[in-house]
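Okay, query_17.txt is below, compact mmCIF, C-alpha atoms and all ligand atoms:
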# COMPACT_ATOMS: atom_id res chain seq x y z
CA MET U 1 48.35 -143.94 198.39
CA ALA U 2 51.80 -145.22 197.52
CA SER U 3 51.99 -148.84 196.56
CA ASP U 4 53.95 -151.09 198.92
CA LYS U 5 54.68 -153.54 196.13
CA TRP U 6 58.20 -154.72 195.34
CA MET U 7 59.23 -153.50 191.89
CA LEU U 8 61.84 -153.98 189.22
CA VAL U 9 62.16 -151.13 186.72
CA LEU U 10 64.27 -150.68 183.58
CA GLY U 11 65.28 -147.05 182.94
CA ILE U 12 66.50 -145.56 179.64
CA GLU U 13 68.32 -142.22 179.26
CA THR U 14 69.10 -140.63 175.87
CA THR U 15 68.34 -136.92 176.28
CA CYS U 16 71.87 -135.58 175.70
CA ASP U 17 75.25 -137.21 175.07
CA GLU U 18 75.03 -140.27 177.30
CA THR U 19 73.35 -143.49 176.19
CA ALA U 20 72.34 -145.21 179.41
CA ALA U 21 70.19 -148.02 180.76
CA ALA U 22 69.77 -149.46 184.25
CA VAL U 23 67.65 -151.83 186.26
CA ILE U 24 66.70 -150.86 189.80
CA GLU U 25 64.74 -152.51 192.55
CA ARG U 26 62.30 -150.60 194.75
CA ARG U 27 61.46 -152.44 197.92
CA ALA U 28 58.10 -152.37 199.71
CA ASP U 29 59.48 -149.95 202.33
CA GLY U 30 60.34 -147.43 199.59
CA SER U 31 64.09 -148.03 199.62
CA GLY U 32 65.98 -148.70 196.42
CA ARG U 33 68.89 -150.70 195.05
CA ILE U 34 70.73 -150.49 191.75
CA LEU U 35 70.99 -153.88 190.03
CA SER U 36 72.80 -152.55 186.96
CA ASN U 37 73.74 -149.11 185.63
CA VAL U 38 75.37 -148.94 182.20
CA VAL U 39 76.43 -145.59 180.73
CA ARG U 40 78.10 -145.00 177.39
CA SER U 41 79.42 -141.47 176.98
CA GLN U 42 79.53 -139.99 173.48
CA ILE U 43 82.09 -137.33 174.46
CA GLU U 44 84.70 -138.63 172.00
CA GLU U 45 82.29 -138.24 169.08
CA HIS U 46 81.62 -134.62 170.03
CA VAL U 47 85.14 -133.47 171.03
CA PRO U 48 86.17 -132.49 167.46
CA PHE U 49 83.22 -130.06 167.37
CA GLY U 50 83.79 -128.56 170.82
CA GLY U 51 80.26 -129.40 171.95
CA VAL U 52 77.34 -131.79 171.49
CA VAL U 53 76.12 -132.05 167.88
CA PRO U 54 72.43 -133.12 168.00
CA GLU U 55 72.46 -135.22 164.79
CA ILE U 56 75.60 -137.08 165.84
CA ALA U 57 74.11 -137.65 169.29
CA ALA U 58 70.85 -139.12 167.90
CA ARG U 59 72.71 -141.44 165.54
CA ALA U 60 75.05 -142.62 168.31
CA HIS U 61 72.03 -143.37 170.55
CA VAL U 62 70.48 -145.48 167.76
CA ASP U 63 73.73 -147.40 167.33
CA ALA U 64 74.36 -147.99 171.04
CA LEU U 65 71.03 -148.26 172.82
CA ASP U 66 70.04 -151.89 172.09
CA GLY U 67 73.43 -153.15 173.25
CA ILE U 68 73.38 -150.95 176.37
CA ILE U 69 69.92 -152.23 177.33
CA ALA U 70 70.99 -155.85 176.72
CA THR U 71 74.05 -155.32 178.96
CA ALA U 72 71.96 -153.67 181.70
CA MET U 73 69.47 -156.56 181.66
CA LYS U 74 72.25 -159.16 181.67
CA GLU U 75 74.15 -157.52 184.53
CA SER U 76 70.98 -157.27 186.60
CA ALA U 77 70.14 -160.96 185.97
CA ILE U 78 66.55 -159.87 185.36
CA ARG U 79 64.52 -160.99 182.35
CA PHE U 80 62.10 -158.67 180.53
CA PRO U 81 58.93 -160.50 181.72
CA GLN U 82 59.98 -159.88 185.34
CA LEU U 83 59.98 -156.08 184.93
CA SER U 84 57.26 -154.11 186.74
CA ALA U 85 57.68 -151.22 184.28
CA VAL U 86 59.93 -149.67 181.67
CA ALA U 87 60.78 -145.99 182.11
CA ALA U 88 62.38 -143.63 179.59
CA ALA U 89 63.39 -139.99 179.80
CA ALA U 90 60.80 -138.32 177.55
CA GLY U 91 62.48 -134.89 177.79
CA PRO U 92 63.59 -132.20 178.16
CA GLY U 93 66.55 -132.68 175.85
CA LEU U 94 67.77 -133.02 172.29
CA ILE U 95 64.67 -134.27 170.50
CA GLY U 96 66.38 -136.83 168.24
CA GLY U 97 67.87 -138.65 171.21
CA VAL U 98 64.66 -138.40 173.25
CA ILE U 99 62.72 -140.04 170.39
CA VAL U 100 65.22 -142.91 170.22
CA GLY U 101 64.94 -143.70 173.96
CA LEU U 102 61.20 -143.23 174.30
CA THR U 103 60.37 -145.24 171.18
CA THR U 104 62.57 -148.10 172.36
CA ALA U 105 60.84 -148.05 175.76
CA LYS U 106 57.43 -148.11 174.07
CA ALA U 107 58.46 -151.12 171.99
CA ILE U 108 59.64 -152.99 175.10
CA ALA U 109 56.44 -152.05 176.96
CA MET U 110 54.29 -153.25 174.08
CA VAL U 111 56.11 -156.52 173.45
CA HIS U 112 56.23 -157.50 177.13
CA ASN U 113 52.89 -155.97 178.09
CA THR U 114 54.64 -153.88 180.75
CA PRO U 115 53.58 -150.41 181.99
CA LEU U 116 55.40 -147.45 180.40
CA ILE U 117 56.52 -144.46 182.44
CA ALA U 118 57.54 -141.30 180.53
CA VAL U 119 59.93 -139.61 182.94
CA ASN U 120 60.90 -135.95 183.05
CA HIS U 121 64.71 -135.97 183.07
CA LEU U 122 64.76 -133.12 185.62
CA GLU U 123 62.42 -135.03 187.92
CA ALA U 124 64.82 -137.96 187.73
CA HIS U 125 67.71 -135.72 188.91
CA ALA U 126 65.40 -134.35 191.62
CA LEU U 127 64.43 -137.78 193.02
CA THR U 128 67.88 -139.46 192.81
CA PRO U 129 68.87 -138.83 196.47
CA ARG U 130 65.87 -140.92 197.54
CA LEU U 131 67.42 -143.88 195.69
CA THR U 132 70.70 -143.70 197.58
CA CYS U 133 69.46 -142.76 201.05
CA ALA U 134 66.19 -142.46 202.92
CA LEU U 135 65.54 -138.77 202.26
CA ALA U 136 62.01 -137.57 203.03
CA PHE U 137 60.23 -134.64 201.37
CA PRO U 138 60.45 -131.67 201.29
CA TYR U 139 63.99 -130.80 200.26
CA CYS U 140 65.75 -128.13 198.24
CA LEU U 141 67.45 -129.14 194.99
CA PHE U 142 70.26 -127.25 193.27
CA LEU U 143 70.49 -128.68 189.77
CA ALA U 144 73.42 -127.45 187.69
CA SER U 145 74.33 -129.19 184.46
CA GLY U 146 75.14 -128.37 180.86
CA GLY U 147 71.52 -127.55 180.11
CA HIS U 148 69.97 -126.54 183.43
CA THR U 149 70.59 -124.32 186.44
CA GLN U 150 67.70 -124.35 188.86
CA ILE U 151 66.80 -124.17 192.52
CA VAL U 152 63.73 -126.34 193.06
CA ALA U 153 61.57 -127.09 196.09
CA VAL U 154 60.94 -130.84 195.88
CA LEU U 155 57.69 -131.35 197.81
CA GLY U 156 56.72 -134.81 196.59
CA VAL U 157 56.71 -136.98 193.47
CA GLY U 158 55.31 -134.72 190.73
CA GLU U 159 55.23 -131.74 193.12
CA TYR U 160 57.90 -129.19 192.32
CA VAL U 161 58.16 -125.46 192.75
CA ARG U 162 60.98 -123.70 190.96
CA LEU U 163 62.49 -121.05 193.21
CA GLY U 164 65.20 -119.85 190.85
CA THR U 165 66.65 -120.43 187.42
CA THR U 166 69.20 -118.93 185.06
CA VAL U 167 68.07 -116.04 182.93
CA ASP U 168 70.68 -116.85 180.26
CA ASP U 169 73.38 -119.57 180.14
CA ALA U 170 73.30 -122.76 182.18
CA MET U 171 76.20 -123.08 184.61
CA GLY U 172 77.85 -126.08 182.91
CA GLU U 173 77.38 -124.32 179.58
CA ALA U 174 79.25 -121.27 180.95
CA PHE U 175 82.12 -123.52 182.13
CA ASP U 176 82.20 -125.15 178.67
CA LYS U 177 82.21 -121.81 176.83
CA VAL U 178 84.94 -120.33 179.04
CA ALA U 179 87.04 -123.46 178.46
CA LYS U 180 86.55 -123.16 174.70
CA MET U 181 87.57 -119.50 174.57
CA LEU U 182 90.71 -120.30 176.57
CA GLY U 183 91.65 -123.19 174.28
CA LEU U 184 90.74 -125.97 176.74
CA PRO U 185 88.98 -129.07 175.35
CA TYR U 186 85.32 -130.10 175.73
CA PRO U 187 83.72 -130.78 178.20
CA GLY U 188 85.19 -127.73 179.83
CA GLY U 189 84.01 -127.99 183.44
CA PRO U 190 86.67 -130.38 184.72
CA GLN U 191 89.35 -128.58 182.64
CA VAL U 192 88.47 -125.18 184.11
CA GLU U 193 88.44 -126.67 187.61
CA ARG U 194 91.88 -128.21 187.06
CA ALA U 195 93.39 -125.04 185.54
CA ALA U 196 91.92 -122.94 188.37
CA LEU U 197 93.90 -124.92 190.97
CA GLY U 198 97.13 -123.18 189.99
CA GLY U 199 95.57 -119.78 189.38
CA ASP U 200 95.21 -116.49 191.24
CA PRO U 201 91.46 -115.84 191.68
CA LYS U 202 92.11 -112.16 192.49
CA ARG U 203 94.17 -111.16 189.42
CA PHE U 204 91.04 -110.25 187.45
CA ALA U 205 88.12 -108.38 188.97
CA PHE U 206 85.25 -110.34 187.45
CA PRO U 207 81.64 -109.40 188.25
CA ARG U 208 79.60 -111.39 190.76
CA PRO U 209 76.33 -111.80 188.82
CA MET U 210 73.02 -111.16 190.62
CA LEU U 211 74.72 -110.68 194.01
CA GLY U 212 72.30 -109.31 196.58
CA ARG U 213 69.19 -109.61 194.40
CA PRO U 214 66.02 -110.55 196.29
CA ASP U 215 65.07 -113.31 193.81
CA ALA U 216 67.01 -116.58 193.54
CA ASN U 217 67.87 -116.43 189.84
CA PHE U 218 71.24 -116.88 188.17
CA SER U 219 72.95 -115.12 185.30
CA LEU U 220 76.18 -116.33 183.75
CA SER U 221 76.53 -114.76 180.33
CA GLY U 222 77.86 -111.37 181.57
CA LEU U 223 80.57 -113.14 183.55
CA LYS U 224 81.44 -115.26 180.53
CA THR U 225 81.75 -112.10 178.41
CA ALA U 226 83.98 -110.49 181.05
CA VAL U 227 86.32 -113.49 180.81
CA ARG U 228 86.31 -113.21 177.01
CA ASN U 229 87.16 -109.50 177.19
CA GLU U 230 90.09 -110.06 179.53
CA ALA U 231 91.35 -112.94 177.39
CA SER U 232 91.28 -110.86 174.20
CA ARG U 233 92.87 -107.89 175.99
CA LEU U 234 95.80 -110.16 176.92
CA GLY U 235 96.10 -111.45 173.34
CA THR U 236 98.45 -114.44 173.56
CA LEU U 237 97.61 -116.49 176.63
CA GLU U 238 100.39 -118.06 178.70
CA PRO U 239 99.44 -121.11 180.81
CA GLN U 240 99.48 -118.88 183.93
CA ASP U 241 97.03 -116.46 182.27
CA VAL U 242 94.66 -119.37 181.54
CA SER U 243 94.93 -120.55 185.14
CA ASP U 244 94.30 -117.07 186.54
CA LEU U 245 91.31 -116.52 184.21
CA CYS U 246 89.85 -119.91 185.22
CA ALA U 247 90.44 -119.22 188.92
CA GLY U 248 88.83 -115.79 188.64
CA PHE U 249 85.84 -117.15 186.73
CA GLN U 250 85.32 -120.03 189.16
CA ALA U 251 85.61 -117.74 192.20
CA ALA U 252 82.91 -115.49 190.73
CA VAL U 253 80.65 -118.49 190.03
CA LEU U 254 81.16 -119.73 193.59
CA GLU U 255 80.32 -116.41 195.20
CA SER U 256 77.28 -115.89 193.00
CA THR U 257 76.07 -119.47 193.58
CA ALA U 258 76.44 -119.20 197.35
CA ASP U 259 74.48 -115.94 197.34
CA ARG U 260 71.73 -117.28 195.03
CA LEU U 261 71.35 -120.48 197.04
CA GLY U 262 71.23 -118.50 200.26
CA VAL U 263 68.23 -116.62 198.88
CA GLY U 264 66.72 -119.83 197.46
CA LEU U 265 66.90 -121.54 200.85
CA ARG U 266 65.36 -118.52 202.52
CA LEU U 267 62.48 -118.54 200.03
CA PHE U 268 62.08 -122.26 200.62
CA HIS U 269 61.91 -121.74 204.36
CA GLU U 270 59.33 -118.95 204.04
CA GLN U 271 57.05 -121.01 201.80
CA PHE U 272 57.49 -124.60 202.97
CA GLY U 273 59.28 -124.54 206.33
CA PRO U 274 62.72 -126.05 206.90
CA PRO U 275 64.01 -128.32 204.11
CA ARG U 276 65.17 -131.81 205.08
CA ALA U 277 68.34 -131.21 203.05
CA LEU U 278 70.05 -129.19 200.37
CA VAL U 279 70.64 -131.60 197.50
CA ALA U 280 73.00 -130.90 194.59
CA ALA U 281 72.85 -132.73 191.25
CA GLY U 282 74.08 -132.34 187.68
CA GLY U 283 77.61 -132.41 186.29
CA VAL U 284 78.65 -129.13 187.92
CA ALA U 285 78.06 -130.73 191.34
CA ALA U 286 81.18 -132.78 190.60
CA ASN U 287 83.26 -129.58 191.04
CA GLN U 288 85.14 -129.79 194.35
CA ALA U 289 85.25 -126.03 194.87
CA ILE U 290 81.50 -125.78 194.32
CA ARG U 291 80.92 -128.67 196.71
CA GLY U 292 82.90 -126.76 199.34
CA ALA U 293 80.83 -123.63 198.77
CA LEU U 294 77.58 -125.62 199.05
CA GLN U 295 78.76 -127.06 202.36
CA ASN U 296 79.04 -123.53 203.76
CA VAL U 297 75.65 -122.53 202.34
CA ALA U 298 73.97 -125.56 203.92
CA ALA U 299 75.65 -124.96 207.28
CA LYS U 300 74.54 -121.32 207.26
CA ALA U 301 70.95 -122.37 206.51
CA GLU U 302 71.17 -125.03 209.26
CA THR U 303 70.46 -127.87 206.90
CA THR U 304 72.35 -130.92 205.64
CA LEU U 305 74.11 -131.03 202.28
CA MET U 306 73.48 -134.17 200.29
CA ILE U 307 75.21 -134.86 196.98
CA PRO U 308 74.62 -138.21 195.30
CA PRO U 309 77.79 -140.05 194.22
CA PRO U 310 79.28 -138.49 191.03
CA ALA U 311 78.07 -141.36 188.80
CA LEU U 312 74.48 -140.58 189.86
CA CYS U 313 74.92 -136.78 189.63
CA THR U 314 75.65 -136.92 185.92
CA ASP U 315 73.17 -138.43 183.45
CA ASN U 316 72.48 -142.14 183.96
CA GLY U 317 69.77 -144.77 183.59
CA ALA U 318 69.35 -145.56 187.29
CA MET U 319 67.89 -142.12 187.99
CA ILE U 320 65.31 -142.62 185.22
CA ALA U 321 64.44 -146.11 186.48
CA TRP U 322 64.11 -144.80 190.04
CA ALA U 323 61.84 -141.90 189.02
CA GLY U 324 59.81 -144.48 187.08
CA ALA U 325 59.49 -146.64 190.21
CA GLU U 326 58.48 -143.64 192.35
CA ARG U 327 55.76 -142.81 189.81
CA LEU U 328 54.64 -146.43 189.43
CA ALA U 329 54.23 -146.65 193.20
CA LEU U 330 51.70 -143.84 192.89
CA ASN U 331 50.04 -145.41 189.83
CA MET U 332 51.30 -142.61 187.59
CA ILE U 333 51.51 -144.66 184.40
CA ASP U 334 51.68 -143.33 180.83
CA ASN U 335 50.26 -144.68 177.61
CA MET U 336 51.66 -145.14 174.11
CA GLU U 337 50.70 -141.56 173.21
CA ALA U 338 53.28 -140.11 175.62
CA PRO U 339 55.12 -137.50 173.49
CA PRO U 340 58.87 -136.88 173.31
CA ARG U 341 59.49 -133.34 174.48
CA ALA U 342 62.42 -131.00 173.76
CA ARG U 343 61.18 -128.66 176.49
CA TRP U 344 59.43 -129.83 179.63
CA ARG U 345 59.32 -127.72 182.73
CA LEU U 346 59.38 -129.45 186.05
CA ASP U 347 56.83 -127.11 187.58
CA GLU U 348 54.52 -126.90 184.59
CA ASN U 349 51.66 -125.32 186.47
CA ALA U 350 53.66 -122.44 187.85
CA GLY U 351 54.21 -119.29 185.79
CA ALA U 352 57.62 -118.22 184.49
CA PRO U 353 59.21 -115.36 186.41
CA PRO U 354 58.16 -112.08 184.76
CA GLY U 355 60.27 -110.88 181.87
CA PHE U 356 62.10 -114.14 181.23
CA ALA U 357 62.15 -115.45 177.71
CA ASN U 358 62.35 -119.15 177.01
CA THR U 359 65.94 -120.35 177.12
CA ARG U 360 67.41 -123.83 176.80
CA ALA U 361 68.15 -123.64 180.48
CA GLY U 362 65.03 -125.31 181.70
CA PHE U 363 62.01 -123.56 180.27
O1 LIG S 401 74.73 -133.44 184.15
P1 LIG S 401 75.70 -133.50 183.02
O2 LIG S 401 76.66 -134.65 182.97
O3 LIG S 401 74.97 -133.50 181.63
C1 LIG S 401 73.97 -132.58 181.30
O4 LIG S 401 74.34 -131.48 180.85
O5 LIG S 401 72.78 -132.94 181.49
O6 LIG S 401 76.52 -132.11 183.06
C2 LIG S 401 77.52 -131.84 182.14
C3 LIG S 401 78.02 -130.44 182.43
C4 LIG S 401 79.02 -129.94 181.40
O7 LIG S 401 78.68 -128.63 181.03
C5 LIG S 401 80.33 -130.01 182.17
O8 LIG S 401 81.28 -129.05 181.72
C6 LIG S 401 79.88 -129.69 183.58
O9 LIG S 401 78.65 -130.38 183.71
N1 LIG S 401 80.85 -130.20 184.55
C7 LIG S 401 81.55 -129.42 185.39
C8 LIG S 401 82.45 -130.27 186.07
N2 LIG S 401 82.26 -131.55 185.62
C9 LIG S 401 81.27 -131.48 184.68
N3 LIG S 401 81.50 -128.10 185.61
C10 LIG S 401 82.35 -127.59 186.52
N4 LIG S 401 83.26 -128.33 187.19
C11 LIG S 401 83.35 -129.66 187.01
N5 LIG S 401 84.24 -130.40 187.67
ZN ZN S 402 70.92 -134.24 183.31
Would you encode the structure as C-alpha cells?
Ligand code: KG4
Ligand code: ZN
Amino acid sequence: MASDKWMLVLGIETTCDETAAAVIERRADGSGRILSNVVRSQIEEHVPFGGVVPEIAARAHVDALDGIIATAMKESAIRFPQLSAVAAAAGPGLIGGVIVGLTTAKAIAMVHNTPLIAVNHLEAHALTPRLTCALAFPYCLFLASGGHTQIVAVLGVGEYVRLGTTVDDAMGEAFDKVAKMLGLPYPGGPQVERAALGGDPKRFAFPRPMLGRPDANFSLSGLKTAVRNEASRLGTLEPQDVSDLCAGFQAAVLESTADRLGVGLRLFHEQFGPPRALVAAGGVAANQAIRGALQNVAAKAETTLMIPPPALCTDNGAMIAWAGAERLALNMIDNMEAPPRARWRLDENAGAPPGFANTRAGF
C-alpha cells in the first residue's frame, strides 16, 4: 500500500556531467511540487576534450556538490531535520561521480537519522512525468540521452519492462559523434539540430537503421559511419555541406525513431493494453524535430504525447528526489550497504534480447 503521508525529499544527481540537488514535496494525494532544483553543468570543463572525461567529472562533483546541496536546501527553506528522506542516484553512470553523490547522501542520512533511498537514474527519468502532472500507470517511455536509448513499459514504481534498446551507440552519443566529425563543438545534439535547419535532408542517401524490423531495437553506429564516409569523400567541408550532412543524419534518425517507436507501442499494446501516454525524456527529447516526429507517432497509436519541460528532461536533482519519494511512499528504503553501480538495468529481472552484448547504452 502506498503511504498517504506528506513528504519532503532531498535528491542528489552526479552520474554524468551535471552536479545537481533538489528538494521536492510529495503531497498525500500523490501529487508533487519542486521546492528547489539546482543544476551545475560541467560542460565547460569537458569542451576542450570533446566529451565527458570521467576523472574530471568526478573531481568537479567533489568540488561542487556541498555548495549545490546547501543552495538547494536554502532555496527550499527546508532544514535537514525536516527531510523525510535523502535520495541519491546510485547508478547507472560514471562510477567516480556516482560514488561522490551516494556517499554524500549516506553521510546526510546518517547524521540526520533520515532514510536513504538509492535511486536508479533511469527510474528517475521514467517517473518524472508523474511529478509534473497526474499521469497514471501504465505508460510507454522513450528515453534518449547521451548514454541510453530505450523504449520501456512503465507499469508501476519498480516495475519496468524494456521493449527496445540500442544495439550499439546511444542516440545522444551518435549526435555528439556526428558533430565531432563535422567539426561542431560538444555537446553536439543542439549543434547538429541547428545546422540541420539550413540543410537539404535529401542530398545524401543515408540508411534508415532497423526500418521494418519486428523488434523495437535501435542501431545508430552504421548511420554514423555513413555520415563519416560521406564527409571524408567530400574532403574539405563547406558550411552548406555540414548543414546537408546534419539534415540528412537527423532525417534518418527521425524516420528510424518513428518506426522503432511504432513497433514499441504495438508491443506495449499487445502485452499491457493501451498506454496512458507516450512519454519522452533525456536530452535528445529537447530536439524540436524529434518532438514533432513523436507527436505523429503518438497520434498514430491513438495516445497522448507527454514530454516533461526541458529542464526536467535532462539530468537534474528533482527527478531523483521524486523517484525517492515514490519509493519511500511504498516503503522501499535502502540501507548504508547500498552499492554505487556503473551499470544498473531498469528491468533487472528480464533477460537481455538474444545476441546483444553489454554496451554502455543501458545494459
Ligand atoms: O539527458 P542528458 O542531458 O544527459 C545524459 O546523457 O544523461 O542528454 C545529453 C545528450 C547529449 O548527447 C546531447 O548531445 C543530446 O542529449 N542532446 C540532443 C539535443 N540536446 C541534447 N540531441 C539532439 N538534439 C538536441 N537538441
Ligand atoms: Zn539521464
**Request:** Could you tell me, counting all atoms listed in the file, which protein and nucleic acid residues lie no more than 6 Å from ligand LIG 401 (chain S), written as a ChimeraX atom specification?
**Result:** /U:145-147,172-173,175-176,187-190,193,282-284,286-287,314-315
May I have the selected residues written with C-alpha atoms, as an mmCIF file, in the frame of the given file?
data_model
loop_
_atom_site.group_PDB
_atom_site.id
_atom_site.type_symbol
_atom_site.label_atom_id
_atom_site.label_comp_id
_atom_site.auth_asym_id
_atom_site.auth_seq_id
_atom_site.Cartn_x
_atom_site.Cartn_y
_atom_site.Cartn_z
ATOM 1 C CA SER U 145 74.330 -129.190 184.460
ATOM 2 C CA GLY U 146 75.140 -128.370 180.860
ATOM 3 C CA GLY U 147 71.520 -127.550 180.110
ATOM 4 C CA GLY U 172 77.850 -126.080 182.910
ATOM 5 C CA GLU U 173 77.380 -124.320 179.580
ATOM 6 C CA PHE U 175 82.120 -123.520 182.130
ATOM 7 C CA ASP U 176 82.200 -125.150 178.670
ATOM 8 C CA PRO U 187 83.720 -130.780 178.200
ATOM 9 C CA GLY U 188 85.190 -127.730 179.830
ATOM 10 C CA GLY U 189 84.010 -127.990 183.440
ATOM 11 C CA PRO U 190 86.670 -130.380 184.720
ATOM 12 C CA GLU U 193 88.440 -126.670 187.610
ATOM 13 C CA GLY U 282 74.080 -132.340 187.680
ATOM 14 C CA GLY U 283 77.610 -132.410 186.290
ATOM 15 C CA VAL U 284 78.650 -129.130 187.920
ATOM 16 C CA ALA U 286 81.180 -132.780 190.600
ATOM 17 C CA ASN U 287 83.260 -129.580 191.040
ATOM 18 C CA THR U 314 75.650 -136.920 185.920
ATOM 19 C CA ASP U 315 73.170 -138.430 183.450
#
**Message:** Could you list, as a PyMOL selection string, all protein and nucleic acid residues with an atom at most 12 Å from ligand ZN 402 (chain S), counting all atoms listed in the file?
**Reply:** chain U and resi 13-20+89+91-94+120-126+128+143-150+170+172+280-285+311-317+319-320+361-362
**Message:** Let me make sure I understand: among U:Ala118, U:Ile34, U:Ile108, U:Ala28, which one has the smallest atom-to-atom distance to U:Arg327 if we use only C-alpha atoms?
**Reply:**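 Between U:Ala118, U:Ile34, U:Ile108, U:Ala28, the residue approaching U:Arg327 most closely is U:Ala118.
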**Request:** Go through U:Leu116, U:Ala153, U:Ala277, U:Cys133 and flag the residue nearest U:Pro309, using only C-alpha atoms for the distances.
**Result:** U:Cys133
**Asked** Which residues, written as a ChimeraX atom specification, have at least one atom at most 7 Å from stretch 56-59 of chain U, with all atoms listed in the file counted and residues fewer than 2 positions away on the same chain left out?
**Response** /U:17,53-54,61-63,96-97
**Fill in**
Closest of U:Pro129, U:Ala134, U:Ala329, U:Met210 to U:Val167, counting all atoms listed in the file, is U:Met210
**Message:** Please determine, counting all atoms listed in the file, which residue among U:Gly158, U:Leu83, U:Phe142, U:Arg228 has the shortest atom-to-atom distance to U:Ala258.
**Reply:**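 Checking each of U:Gly158, U:Leu83, U:Phe142, U:Arg228 against U:Ala258, counting all atoms listed in the file, the winner is U:Phe142.
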**Item:** Two-atom distance - atom CA of U:Glu230, atom CA of U:Phe206 (Å)
**Value:** 9.3 Å
**Spatial neighbours of U:Gly199, max dist 9 Å, all atoms listed in the file, sep filter under 3 positions, as a PyMOL selection string** = chain U and resi 195-196+202-203+240-248
**Message:** Show me the residues close to (69.0, -126.9, 209.8) - anything with an atom within 12 Å, counting only C-alpha atoms - and format the list as an MDAnalysis selection string.
**Reply:** chainID U and resid 139 265:266 269 273:278 297:305
**Prompt:** Can you list, as a list of chain:residue names, every protein, DNA or RNA residue that comes within 12 Å of U:Met110 when you count all atoms listed in the file, leaving out same-chain residues fewer than 5 positions away?
**Reply:**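 Final neighbour list, sorted by chain and number: U:Phe80, U:Pro81, U:Ala85, U:Val86, U:Thr103, U:Thr104, U:Ala105, U:Pro115, U:Leu116, U:Asn335, U:Met336.
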Store the residues picked out above, limited to C-alpha atoms, as a PDB file, in the frame of the given file.
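Produced file part36.pdb, reproduced below:
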ATOM      1  CA  PHE U  80      62.100-158.670 180.530  1.00  0.00           C
ATOM      2  CA  PRO U  81      58.930-160.500 181.720  1.00  0.00           C
ATOM      3  CA  ALA U  85      57.680-151.220 184.280  1.00  0.00           C
ATOM      4  CA  VAL U  86      59.930-149.670 181.670  1.00  0.00           C
ATOM      5  CA  THR U 103      60.370-145.240 171.180  1.00  0.00           C
ATOM      6  CA  THR U 104      62.570-148.100 172.360  1.00  0.00           C
ATOM      7  CA  ALA U 105      60.840-148.050 175.760  1.00  0.00           C
ATOM      8  CA  PRO U 115      53.580-150.410 181.990  1.00  0.00           C
ATOM      9  CA  LEU U 116      55.400-147.450 180.400  1.00  0.00           C
ATOM     10  CA  ASN U 335      50.260-144.680 177.610  1.00  0.00           C
ATOM     11  CA  MET U 336      51.660-145.140 174.110  1.00  0.00           C
TER      12      MET U 336
END
**Among listed residues U:Lys74, U:Gln82, U:Arg343, U:Ala251, nearest U:Thr114 (using all atoms listed in the file)** = U:Gln82
Please return the centre and edge lengths, in Å to one decimal, of a box with edges along x, y and z that contains all listed atoms of stretch 62-67 of chain U, widened by 8 Å on every side, as AutoDock Vina command-line options.
--center_x 72.2 --center_y -149.3 --center_z 170.3 --size_x 20.3 --size_y 23.7 --size_z 21.9
